[in-house]
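Enquirer: Structure provided below as structure tokens; questions to follow.
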Amino acid sequence: MRFHHFIFSIFFLVSAFTAAAQKNPAWVSGKVIDENENPLSGVSVMILGRQSGSSTGDSGTFRIKVSADKAFALVFSYTGYRAEQKNFLLNENEEEKITVRLERGNVTTLGEVVVTDQRDRREAGLIRPNPKTVINLPTVTTGVENLIKIFVGSNNELTSQYSVRGGSFDENLIYVNDFEIFRPYLVRNGQQEGLSFINPEMVRNINFYNGGFQARYGDKMSSVLDIQYKKPKRFGGSAYAGILEQGLHVEGISKNDRLSYLIGVRNRSNRNLLSRQETQGNYVPSSSDLQALINYRFSEKWTGEFFGNISESRFALNPQFSQLTTSVFSPFFTSSLGLDIYFEGQEKDQYQTNMLGLSFTNQVTSRLKLKWLLSRFENDERENVDISGTYLFGERDFDKTQPTFGTIVSPLGAGVFQNFTRNSLNIENFNISHKGSLDLRNHSFQWGVGFDRTAITDRLNEWERQDSAGYSIPFNPGQLNLSKVIKSNADLDINKFSGFFQDNLLFGDSLNSYTLTAGIRYNYNSLNGEFLLSPRVGASWKPNWKRDIIFRVAAGAYHQPPFYRELRRYDGTVNENLKAQKSWQGVMGFDYNFIGWGRPMRLTTEAYYKHMTDVVPYDVDNVRIRYFGENNAKAYAMGLEARLYGEIVKDAESWISIGFMNTKEDIKGDKYTDYTLDEFNHPIDSVTLDKGWVRRPTDRRITFGMFFQDYLATNKNFKMYLSLLYGSNLPYNIPNNVKYRNGLEIPSYIRADIGFSALLLDSDRSRRRSHSPFLGFDNIWASLEVFNLIDRDNTISYLLIKDFSNTTYTMPQRLTPRLINFKVVARW
């Protein structure tokens, strides 16, 4: 708690030194674009109810002076486009930077001003990337999550999962239109993953919180991804086809403007991507989904929404051969070795997700809003593996002049292993909830209550056999022993009650403005009978300085009740008495808007600290998380992050992000015996040691991400997109080995992807023939993408093989090599 007191002491100490000044105006600036993000020049920008205003320049930009501390609206109008109204309430010297998108259609009459303040843009940890950026981002797996990785880092391009500030994949919340989204849980590696749940062509708004989020968001410890899908205002759609993925979406609205629909379908196959993996064989991965969002306006005050999703991912593999090169992990012997594995058998996995959501919203008055939600989410997952392998390891010949190049010339051992899996998991989650908001003067109250019923049916049947030099490991004369056996059944019914209440307060005089958000969450879990209270508070201050700076601070409790994976111990048994992981977190930072290279820029910095208790330790193998199933650790995470956003190149948005972090844990009872050996390697003495604080599996000390856009100076219809990711090394733990926890390191992750786009058909339909098949299209783009531009062999995990002498051989498992993708995108 001392850290929290320190943050608030600094906050209020700094605010006490604010000086007075005369009243100054405010400013609104930004850019006006069309549906294809082309700048519109000559757009009228008028203050509603007045004759004063301005117009956009050749690049679509504008800047207009307005009165401070008064509600006002700007009206953007242009011939052939629907007028757009934006509402503001700004402080003295404040400059709001916006992007306005005008849509084609008849000119509409705008209503009266509705005052909405800008409190949310001062929330700690909030990042609001442009959804259009997702579509342009050159990545192996298209999705919003890959844009998030620019900010938080990554070590696996095949997965849509991510780690935020030292947290696990299971510590991130995802909402789509206020419905909570769940992921498949049995996925072991990124090869098995299919499509991300979020369809980027349907996204209207992205809010990502990497810490310090408010009480209105749920009970997770790391982050919130809050997605809002589009509300169509006209008929339109898009279609794209590439080597890896294809998709189609349509949207529209009824003639009476009461019914709107948004439908998207996608299909993906990673066969071309996986065909160049180190493990050669017949890969048959496929994934498809269908999403629909239907809105209906019953009256001026009542609206209804239906949201549905059906998705299925299948993964089949008949492995044949794998050739790896590695080093030995042993106290007695080190060398550079090769491993050749010849496989028999197959793997077949299937993951199905179904989601139905229904919501009703009642805008009782302009200040009171009530919303009711009902949803059902189901994951049905199956894993079937029966693969055996014969392996030979030893020193590999790397002399290209020799006929034995690439083969093992000095064998050190041989063996056989067999993996068998028959796992099934079914999770059904029913939710009913209510949310509301009420604005009273400078207060904005928000509340919510919810009930979840979760049914989990789990069947595990796994075993492994290892044979080295004719001996089964572990060796027991006269017996055939398996190296691992997991057999378990679980049937769980869990009832959860949760809710929150918070107040968002805007106060201050004309010289300084403050926001204060204070709230509390509660959560009750019938599985362990635990009742949790999570108070959270956040504040911001915008001083009356010439520089546009906002200071922000947030602190509170972020407790995470166990769901499914945390309950499972390594041996497969379920700990139904597992308590919630608990954390107290503090965040402080600032936003600085400035002009750089003659264009608007924004610099955001944040420092954070997390103190965690009742932690459930875990190991990470690829994307599979194996929990200890016990609250037997404490941990911390602290770090510093900085992000730069702006137009490094005029009219092209770019992001640069860098982070420094340290996270460690102390596991109770993690003791081991260390032996002193004589010259014949016989133990002559021993001592028992406590392992103490060790790096957590997600302890990546340095992360760097960049998304950069550019275009030809002579033709903006030829564009380039560059994505860069760097992450320093990660610890890798030897399973069930206290002494060698953190015994290995996964090398730094370095990734560069680049894409080139060319406009094949622009939005000027007057130049097309009346019988042209492309008459109804707004634009068509062609893209060429090069994934893993530098062709780096990034390591994701290790394959551990023991011989009869108990020497463990670590074989690095690599991610994807360089690959070229071609894609065509059409919009209408």
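Ligands are numbered from 1 in the order shown, residues from 1 within each chain, and chains are lettered A, B, ... in the order they appear in the structure tokens.
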Return as JSON lines the residues of range 273-356 of chain A lying at most 7 Å from range 388-411 of chain A, together with the closest atom-to-atom pair for each and the distance in Å to one decimal, counting only C-alpha atoms, with rows in chain order and ascending residue number.

Expert:
```
{"residue": "A:Ser336", "atom": "CA", "partner": "A:Glu395", "partner_atom": "CA", "distance": 6.6}
{"residue": "A:Leu337", "atom": "CA", "partner": "A:Glu395", "partner_atom": "CA", "distance": 4.6}
{"residue": "A:Gly338", "atom": "CA", "partner": "A:Arg396", "partner_atom": "CA", "distance": 5.1}
{"residue": "A:Leu339", "atom": "CA", "partner": "A:Phe393", "partner_atom": "CA", "distance": 4.4}
{"residue": "A:Asp340", "atom": "CA", "partner": "A:Leu392", "partner_atom": "CA", "distance": 5.4}
{"residue": "A:Ile341", "atom": "CA", "partner": "A:Tyr391", "partner_atom": "CA", "distance": 4.3}
{"residue": "A:Tyr342", "atom": "CA", "partner": "A:Thr390", "partner_atom": "CA", "distance": 5.3}
{"residue": "A:Phe343", "atom": "CA", "partner": "A:Gly389", "partner_atom": "CA", "distance": 4.4}
{"residue": "A:Glu344", "atom": "CA", "partner": "A:Ser388", "partner_atom": "CA", "distance": 5.3}
{"residue": "A:Gly345", "atom": "CA", "partner": "A:Ser388", "partner_atom": "CA", "distance": 6.3}
```

Enquirer: Give me, as a tab-separated table, each residue of range 545-642 of chain A that comes within 10 Å of range 201-222 of chain A, together with its shortest interatomic pair and the distance in Å at one decimal, counting only C-alpha atoms, with rows ordered by chain and rising residue number.

Expert:
```
residue	atom	partner	partner_atom	distance
A:Val553	CA	A:Gly212	CA	8.2
A:Ala554	CA	A:Gly212	CA	5.5
A:Ala555	CA	A:Gly212	CA	6.3
A:Gly556	CA	A:Gly212	CA	7.5
A:Ala557	CA	A:Met221	CA	8.7
A:Tyr558	CA	A:Met221	CA	5.2
A:His559	CA	A:Asp219	CA	5.9
A:Gln560	CA	A:Lys220	CA	4.9
A:Pro561	CA	A:Asp219	CA	7.2
A:Pro562	CA	A:Lys220	CA	9.8
A:Ala580	CA	A:Asp219	CA	9.8
A:Gln581	CA	A:Met221	CA	8.4
A:Lys582	CA	A:Met221	CA	8.0
A:Ser583	CA	A:Met221	CA	7.1
A:Trp584	CA	A:Met221	CA	9.2
A:Gln585	CA	A:Gly212	CA	7.2
A:Gly586	CA	A:Gly212	CA	6.9
A:Val587	CA	A:Gly212	CA	6.1
A:Met588	CA	A:Gly212	CA	9.0
A:Glu606	CA	A:Gly211	CA	9.8
A:Tyr608	CA	A:Gly211	CA	8.2
A:Tyr609	CA	A:Gly211	CA	9.9
A:Lys610	CA	A:Met221	CA	9.3
A:Met612	CA	A:Met221	CA	9.4
```

Enquirer: For the residues in the current selection, export C-alpha atoms as a tab-separated table (two decimals), in the first residue's frame.

Expert:
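The file below, part_32.tsv, is the result:
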```tsv
chain	number	residue	atom	x	y	z
A	553	VAL	CA	-2.47	7.85	-12.15
A	554	ALA	CA	-4.41	4.72	-11.19
A	555	ALA	CA	-4.27	2.17	-8.40
A	556	GLY	CA	-6.39	-0.65	-7.10
A	557	ALA	CA	-7.01	-4.33	-6.54
A	558	TYR	CA	-7.15	-6.73	-9.48
A	559	HIS	CA	-8.09	-10.22	-8.30
A	560	GLN	CA	-8.58	-13.17	-10.64
A	561	PRO	CA	-10.76	-16.13	-9.60
A	562	PRO	CA	-9.70	-19.48	-11.12
A	580	ALA	CA	-8.18	-16.37	-6.56
A	581	GLN	CA	-4.83	-14.91	-7.50
A	582	LYS	CA	-4.66	-11.44	-5.94
A	583	SER	CA	-2.81	-8.32	-6.97
A	584	TRP	CA	-2.49	-4.67	-6.00
A	585	GLN	CA	-1.35	-2.48	-8.86
A	586	GLY	CA	-0.27	1.09	-9.37
A	587	VAL	CA	0.23	3.02	-12.64
A	588	MET	CA	1.38	6.57	-13.28
A	606	GLU	CA	3.71	4.84	-18.01
A	608	TYR	CA	3.74	0.41	-13.18
A	609	TYR	CA	4.12	-1.96	-10.27
A	610	LYS	CA	2.19	-5.16	-9.43
A	612	MET	CA	0.79	-10.42	-6.34
```

Enquirer: When you draw a straight line from CA of Asp548 in chain A to CA of Leu126 in chain A, how long is it in Å?

Expert: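 Value for the CA of Asp548 in chain A-CA of Leu126 in chain A distance: 17.6 Å.
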
Enquirer: Could you pull out the strand (DSSP E) residues of range 303-546 of chain A from DSSP and send them as a ChimeraX atom specification?

Expert: /A:303-329,336-363,368-396,408-440,443-468,471-473,484-507,513-525,530-542

Enquirer: Hey, which of A:Gly60, A:Gly264, A:Gly308, A:Pro138 ends up closest to Asp753 in chain A? Count only C-alpha atoms.

Expert: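 Checking each candidate against Asp753 in chain A, we get A:Pro138 as the closest.
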
Enquirer: Counting only C-alpha atoms, which of A:Leu677, A:Arg165, A:Arg695, A:Lys650 gets nearest to Lys716 in chain A?

Expert: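 Answer, going by the shortest atom-to-atom distance: A:Lys650.
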
Enquirer: Considering only C-alpha atoms, return as a list in words whatever protein or nucleic-acid residues lie within 7 Å of Gly357 in chain A, sequence-local ones (same chain, fewer than 2 positions apart) excluded.

Expert: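 My reading of the contact set: Phe306, Phe307, Gly308, Met355, Ser359, Leu374, Ser375 and Arg376 of chain A.
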
Enquirer: For range 146-156 of chain A, find every residue with an atom within 8 Å (counting only C-alpha atoms), except residues of its own chain fewer than 2 positions away, and show them as a VMD selection string.

Expert: chain A and resid 133 to 134 137 139 141 to 144 158 to 160 162 to 165 190 208 643 655 to 659 703 to 707 724 to 727 749 796 815

Enquirer: Any chance you could export the current selection's N, CA and C atoms as a short mmCIF file (atom, residue, chain, number, x, y, z; two decimals), in the first residue's frame?

Expert:
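This went into part-v1.cif:
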```
data_model
loop_
_atom_site.label_atom_id
_atom_site.label_comp_id
_atom_site.auth_asym_id
_atom_site.auth_seq_id
_atom_site.Cartn_x
_atom_site.Cartn_y
_atom_site.Cartn_z
N THR A 133 -5.80 0.14 -39.33
CA THR A 133 -4.42 -0.29 -39.27
C THR A 133 -4.31 -1.80 -39.23
N VAL A 134 -5.28 -2.45 -38.61
CA VAL A 134 -5.26 -3.91 -38.49
C VAL A 134 -5.24 -4.56 -39.87
N LEU A 137 -1.80 -4.25 -41.51
CA LEU A 137 -0.64 -4.81 -40.80
C LEU A 137 -0.19 -6.11 -41.45
N THR A 139 1.04 -9.43 -41.19
CA THR A 139 1.29 -10.47 -40.19
C THR A 139 0.78 -11.80 -40.70
N THR A 141 -0.94 -14.06 -39.00
CA THR A 141 -2.33 -14.24 -38.58
C THR A 141 -3.00 -12.88 -38.50
N THR A 142 -3.93 -12.61 -39.40
CA THR A 142 -4.61 -11.32 -39.45
C THR A 142 -5.54 -11.19 -38.25
N GLY A 143 -5.45 -10.05 -37.54
CA GLY A 143 -6.35 -9.86 -36.42
C GLY A 143 -5.95 -8.67 -35.58
N VAL A 144 -6.89 -8.22 -34.76
CA VAL A 144 -6.64 -7.08 -33.88
C VAL A 144 -5.50 -7.41 -32.91
N LEU A 158 2.38 -17.27 -34.65
CA LEU A 158 1.31 -18.18 -35.03
C LEU A 158 0.08 -18.08 -34.14
N THR A 159 0.18 -17.38 -33.03
CA THR A 159 -0.92 -17.32 -32.09
C THR A 159 -1.47 -15.90 -31.98
N SER A 160 -2.74 -15.81 -31.64
CA SER A 160 -3.36 -14.51 -31.37
C SER A 160 -3.31 -14.16 -29.90
N TYR A 162 -1.45 -13.18 -26.22
CA TYR A 162 -0.38 -12.25 -25.89
C TYR A 162 -0.25 -12.13 -24.37
N SER A 163 0.93 -11.73 -23.96
CA SER A 163 1.23 -11.52 -22.55
C SER A 163 1.40 -10.03 -22.30
N VAL A 164 0.77 -9.52 -21.23
CA VAL A 164 0.80 -8.10 -20.92
C VAL A 164 1.44 -7.88 -19.55
N ARG A 165 2.52 -7.15 -19.54
CA ARG A 165 3.20 -6.75 -18.30
C ARG A 165 3.45 -7.92 -17.37
N GLY A 190 0.89 -22.90 -31.50
CA GLY A 190 0.30 -21.97 -32.44
C GLY A 190 -0.13 -22.60 -33.74
N PHE A 208 -7.94 -0.63 -25.87
CA PHE A 208 -7.07 -1.61 -25.22
C PHE A 208 -6.46 -0.99 -23.96
N ARG A 643 5.36 5.03 -25.68
CA ARG A 643 4.81 4.83 -27.02
C ARG A 643 4.75 6.17 -27.75
N TRP A 655 3.24 3.72 -35.36
CA TRP A 655 3.39 3.50 -33.91
C TRP A 655 4.80 3.02 -33.63
N ILE A 656 5.35 3.50 -32.51
CA ILE A 656 6.61 2.97 -31.99
C ILE A 656 6.42 2.74 -30.50
N SER A 657 6.79 1.57 -30.00
CA SER A 657 6.58 1.23 -28.60
C SER A 657 7.82 0.55 -28.05
N ILE A 658 8.20 0.88 -26.82
CA ILE A 658 9.33 0.24 -26.15
C ILE A 658 8.98 0.04 -24.69
N GLY A 659 9.39 -1.09 -24.13
CA GLY A 659 9.08 -1.39 -22.75
C GLY A 659 10.23 -2.08 -22.04
N THR A 703 11.14 -5.06 -24.65
CA THR A 703 10.30 -5.28 -25.81
C THR A 703 10.32 -4.03 -26.68
N PHE A 704 10.24 -4.24 -27.97
CA PHE A 704 10.19 -3.13 -28.92
C PHE A 704 9.26 -3.51 -30.05
N GLY A 705 8.40 -2.58 -30.42
CA GLY A 705 7.50 -2.82 -31.54
C GLY A 705 7.34 -1.57 -32.37
N MET A 706 7.19 -1.74 -33.66
CA MET A 706 7.00 -0.60 -34.55
C MET A 706 6.11 -0.99 -35.71
N PHE A 707 5.16 -0.12 -36.01
CA PHE A 707 4.38 -0.24 -37.24
C PHE A 707 4.56 1.06 -38.00
N LEU A 724 7.85 -4.35 -37.11
CA LEU A 724 9.07 -4.82 -36.46
C LEU A 724 8.76 -5.19 -35.02
N LEU A 725 9.27 -6.34 -34.57
CA LEU A 725 9.10 -6.78 -33.19
C LEU A 725 10.43 -7.30 -32.66
N TYR A 726 10.74 -6.91 -31.43
CA TYR A 726 11.91 -7.45 -30.74
C TYR A 726 11.54 -7.72 -29.30
N GLY A 727 11.96 -8.86 -28.80
CA GLY A 727 11.79 -9.19 -27.39
C GLY A 727 13.02 -9.91 -26.89
N TYR A 749 13.54 -12.83 -29.46
CA TYR A 749 12.61 -12.94 -30.59
C TYR A 749 12.76 -11.70 -31.46
N ILE A 796 10.56 -21.21 -30.00
CA ILE A 796 9.36 -21.07 -29.19
C ILE A 796 9.39 -21.96 -27.95
N LEU A 815 10.00 -21.50 -35.03
CA LEU A 815 8.80 -20.93 -35.61
C LEU A 815 8.93 -20.83 -37.12
#
```

Enquirer: Between A:Met601, A:Leu317, A:Ile253, A:Leu744, which one has atoms that come closest to Tyr283 in chain A, using only C-alpha atoms?

Expert: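 That would be A:Leu317, the residue with the smallest distance to Tyr283 in chain A.
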
Enquirer: Any idea what's packed within 8 Å of Phe718 in chain A, counting only C-alpha atoms, ignoring anything in its chain fewer than 5 positions away? Could you give it as a list in words?

Expert: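 Near neighbours after the sequence-gap exclusion: Tyr711, Leu712, Phe756, Ser757, Ala758 and Leu759 of chain A.
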
Enquirer: Go ahead and save the picked residues with N, CA and C atoms, as a CSV table (one decimal), in the first residue's frame.

Expert:
```csv
chain,number,residue,atom,x,y,z
A,711,TYR,N,4.6,5.8,-48.4
A,711,TYR,CA,4.0,5.7,-49.8
A,711,TYR,C,5.0,6.4,-50.7
A,712,LEU,N,4.8,6.2,-52.0
A,712,LEU,CA,5.6,6.9,-53.0
A,712,LEU,C,5.3,8.4,-53.0
A,756,PHE,N,3.5,-4.5,-49.3
A,756,PHE,CA,3.4,-3.5,-50.4
A,756,PHE,C,2.0,-3.6,-51.0
A,757,SER,N,1.3,-2.4,-51.1
A,757,SER,CA,0.0,-2.4,-51.6
A,757,SER,C,-0.1,-1.4,-52.8
A,758,ALA,N,-0.9,-1.8,-53.8
A,758,ALA,CA,-1.1,-1.0,-55.0
A,758,ALA,C,-2.6,-0.9,-55.3
A,759,LEU,N,-3.1,0.4,-55.5
A,759,LEU,CA,-4.5,0.6,-55.8
A,759,LEU,C,-4.7,0.2,-57.3
```

Enquirer: Give the answer as one residue: which of A:Ala642, A:Val250, A:Ala637, A:Leu799 has the shortest atom-to-atom distance to Arg602 in chain A, using only C-alpha atoms?

Expert: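 Of the candidates, the smallest distance to Arg602 in chain A is held by A:Ala642.
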
Enquirer: Residues within 10 Å of Ile780 in chain A, please, as a PyMOL selection string. Count only C-alpha atoms; anything in the same chain fewer than 2 positions from it doesn't count.

Expert: chain A and resi 238-240+758-763+774+777-778+782+824-828
